[in-house]
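Structure file run-v2.cif; described as mmCIF, C-alpha atoms and all ligand atoms.
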```
data_data
#
loop_
_atom_site.group_PDB
_atom_site.id
_atom_site.type_symbol
_atom_site.label_atom_id
_atom_site.label_comp_id
_atom_site.auth_asym_id
_atom_site.auth_seq_id
_atom_site.Cartn_x
_atom_site.Cartn_y
_atom_site.Cartn_z
ATOM 1 C CA MET A 616 -20.463 -40.286 18.877
ATOM 2 C CA ALA A 617 -18.354 -43.107 20.299
ATOM 3 C CA GLY A 618 -14.923 -42.936 18.768
ATOM 4 C CA LYS A 619 -15.584 -39.561 17.152
ATOM 5 C CA ARG A 620 -13.968 -36.235 17.855
ATOM 6 C CA VAL A 621 -16.229 -33.252 18.569
ATOM 7 C CA GLU A 622 -14.963 -29.789 17.704
ATOM 8 C CA THR A 623 -16.677 -26.531 18.566
ATOM 9 C CA VAL A 624 -16.007 -22.972 17.520
ATOM 10 C CA GLU A 625 -14.445 -22.423 20.931
ATOM 11 C CA SER A 626 -11.899 -25.159 20.258
ATOM 12 C CA LEU A 627 -10.495 -23.550 17.111
ATOM 13 C CA ALA A 628 -8.571 -20.670 18.635
ATOM 14 C CA THR A 629 -5.387 -21.610 20.441
ATOM 15 C CA GLN A 630 -4.193 -19.647 23.443
ATOM 16 C CA GLY A 631 -6.649 -16.881 22.622
ATOM 17 C CA ARG A 632 -5.355 -16.476 19.092
ATOM 18 C CA LEU A 633 -8.062 -16.549 16.407
ATOM 19 C CA THR A 634 -7.692 -18.780 13.371
ATOM 20 C CA ARG A 635 -7.368 -17.231 9.932
ATOM 21 C CA LEU A 636 -11.060 -17.985 9.325
ATOM 22 C CA GLN A 637 -12.203 -16.474 12.617
ATOM 23 C CA GLN A 638 -10.076 -13.392 11.968
ATOM 24 C CA ALA A 639 -11.587 -13.081 8.486
ATOM 25 C CA PHE A 640 -15.113 -13.156 9.950
ATOM 26 C CA HIS A 641 -14.089 -10.369 12.292
ATOM 27 C CA GLU A 642 -12.366 -8.238 9.653
ATOM 28 C CA LYS A 643 -14.984 -8.702 6.922
ATOM 29 C CA LEU A 644 -17.895 -8.096 9.307
ATOM 30 C CA GLY A 645 -19.185 -11.615 8.746
ATOM 31 C CA THR A 646 -21.000 -11.508 12.038
ATOM 32 C CA GLN A 647 -23.587 -9.122 13.418
ATOM 33 C CA CYS A 648 -25.733 -10.520 16.241
ATOM 34 C CA GLY A 649 -23.538 -13.638 16.288
ATOM 35 C CA PHE A 650 -26.335 -16.177 16.608
ATOM 36 C CA CYS A 651 -25.392 -18.002 13.409
ATOM 37 C CA THR A 652 -21.650 -17.427 13.645
ATOM 38 C CA PRO A 653 -20.565 -20.684 15.347
ATOM 39 C CA GLY A 654 -22.411 -22.777 12.763
ATOM 40 C CA MET A 655 -21.163 -20.669 9.885
ATOM 41 C CA ILE A 656 -17.560 -20.852 11.038
ATOM 42 C CA MET A 657 -17.643 -24.593 11.702
ATOM 43 C CA ALA A 658 -19.269 -25.286 8.313
ATOM 44 C CA ALA A 659 -16.685 -23.071 6.621
ATOM 45 C CA GLU A 660 -13.873 -24.710 8.593
ATOM 46 C CA ALA A 661 -15.012 -28.149 7.427
ATOM 47 C CA LEU A 662 -15.162 -26.907 3.838
ATOM 48 C CA LEU A 663 -11.693 -25.331 3.925
ATOM 49 C CA ARG A 664 -10.175 -28.486 5.416
ATOM 50 C CA LYS A 665 -11.546 -30.522 2.499
ATOM 51 C CA ASN A 666 -11.160 -27.834 -0.137
ATOM 52 C CA PRO A 667 -8.751 -25.001 0.744
ATOM 53 C CA ASP A 668 -9.615 -23.019 -2.367
ATOM 54 C CA PRO A 669 -13.385 -23.292 -2.877
ATOM 55 C CA SER A 670 -15.370 -21.401 -5.474
ATOM 56 C CA ARG A 671 -18.104 -19.002 -4.410
ATOM 57 C CA ASP A 672 -20.718 -21.610 -5.337
ATOM 58 C CA GLU A 673 -18.939 -24.244 -3.247
ATOM 59 C CA ILE A 674 -18.896 -21.846 -0.288
ATOM 60 C CA LYS A 675 -22.617 -21.156 -0.683
ATOM 61 C CA ALA A 676 -23.352 -24.892 -0.845
ATOM 62 C CA ALA A 677 -21.268 -25.600 2.256
ATOM 63 C CA LEU A 678 -23.056 -22.898 4.265
ATOM 64 C CA ALA A 679 -26.544 -23.689 2.956
ATOM 65 C CA GLY A 680 -27.635 -25.482 6.130
ATOM 66 C CA ASN A 681 -27.028 -22.372 8.231
ATOM 67 C CA LEU A 682 -29.469 -19.488 8.396
ATOM 68 C CA CYS A 683 -28.480 -15.894 9.056
ATOM 69 C CA ARG A 684 -31.073 -13.203 9.570
ATOM 70 C CA CYS A 685 -28.636 -10.310 9.877
ATOM 71 C CA THR A 686 -25.920 -10.229 7.238
ATOM 72 C CA GLY A 687 -27.571 -11.191 3.967
ATOM 73 C CA TYR A 688 -24.699 -13.711 3.569
ATOM 74 C CA VAL A 689 -22.487 -11.449 1.450
ATOM 75 C CA LYS A 690 -20.076 -10.610 4.260
ATOM 76 C CA ILE A 691 -20.025 -14.207 5.429
ATOM 77 C CA ILE A 692 -19.079 -15.464 1.971
ATOM 78 C CA GLU A 693 -16.453 -12.728 1.661
ATOM 79 C CA ALA A 694 -14.987 -13.825 4.987
ATOM 80 C CA VAL A 695 -14.666 -17.427 3.823
ATOM 81 C CA GLU A 696 -13.122 -16.283 0.548
ATOM 82 C CA THR A 697 -10.649 -14.166 2.506
ATOM 83 C CA ALA A 698 -9.599 -17.200 4.525
ATOM 84 C CA SER A 699 -9.374 -19.460 1.475
ATOM 85 C CA GLY A 700 -6.218 -20.597 -0.254
ATOM 86 C CA SER A 701 -6.377 -18.309 -3.256
ATOM 87 C CA ALA A 702 -6.884 -15.229 -1.099
ATOM 88 C CA CYS A 703 -3.896 -16.178 1.037
ATOM 89 C CA GLN A 704 -1.764 -16.766 -2.042
ATOM 90 C CA GLU A 705 -2.772 -13.354 -3.428
ATOM 91 C CA ALA A 706 -1.900 -11.685 -0.137
ATOM 92 C CA ALA A 707 1.534 -13.318 -0.127
ATOM 93 C CA GLN A 708 2.365 -11.953 -3.575
HETATM 94 S S1 LIG A 801 -25.243 -12.601 12.415
HETATM 95 FE FE1 LIG A 801 -27.236 -12.570 13.271
HETATM 96 S S2 LIG A 801 -28.153 -14.384 12.510
HETATM 97 FE FE2 LIG A 801 -26.256 -14.274 11.466
#
```

Can the structure from this file be put into structure tokens for me?
Amino acid sequence: MAGKRVETVESLATQGRLTRLQQAFHEKLGTQCGFCTPGMIMAAEALLRKNPDPSRDEIKAALAGNLCRCTGYVKIIEAVETASGSACQEAAQ
């Protein structure tokens, strides 16, 4: 990891203020027990940084390495869609 930057889910919020993605997980009930949530959010964060407006299939592919035994993934995917570029553009209109 020499020369690399490590980010954790705890490092995303600034001064106690959740990011748009974290807020979307909260609002869309993308977390239940919370065990998978840090991995889901960090995978989604990495996706949205590379691709701010991903398709549903791209979201599923980006989250594929994370297992959730509570949500059935629907709410998680909805949360990522809510935080994505197209959802934000729709909300602004
Ligand atoms: S919220 Fe419990 S494992 Fe995903």

Could you tell me how far CA of Glu696 (chain A) lies from CA of Ala677 (chain A), in Å and to one decimal?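 Answer for the CA of Glu696 (chain A) to CA of Ala677 (chain A) separation: 12.5 Å.
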
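With a cut-off of 10 Å and using all atoms listed in the file, the polymer residues contacting ligand LIG 801 (chain A) are Leu644, Gly645, Thr646, Gln647, Cys648, Gly649, Phe650, Cys651, Thr652, Pro653, Gly654, Met655, Asn681, Leu682, Cys683, Arg684, Cys685, Thr686, Gly687, Tyr688, Lys690 and Ile691 of chain A.
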
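With all atoms listed in the file as the basis for measurement, A:Gly700 is the residue among A:Phe640, A:Gly700, A:Glu622, A:Thr629 that approaches Asn666 (chain A) most closely.
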
Selection: 12 Å around Ala661 (chain A), all atoms listed in the file, excl. self and same-chain fewer than 3 positions, as an NGL selection string: :A and (622-624 or 627 or 636 or 654-658 or 664-667 or 669 or 674 or 677-678 or 695 or 699)

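For the pair CA of Gln637 (chain A) and CA of Asp668 (chain A), the interatomic distance is 16.6 Å.
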
Just to confirm, what's the straight-line distance from CA of Ser670 (chain A) to CA of Arg632 (chain A) in Å (one decimal)?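 Atom-to-atom, CA of Ser670 (chain A) to CA of Arg632 (chain A), that is 27.0 Å.
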
Taking only C-alpha atoms into account, which of A:Glu693, A:Val621, A:Arg635, A:Met616 comes nearest Glu660 (chain A)?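 Answer, going by the shortest atom-to-atom distance: A:Arg635.
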
Calculated over only C-alpha atoms, which of the candidates A:Thr697, A:Leu633, A:Glu625, A:Ile692 has the smallest distance to Ala679 (chain A)?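 Looking at the shortest contact to Ala679 (chain A), the residue is A:Ile692.
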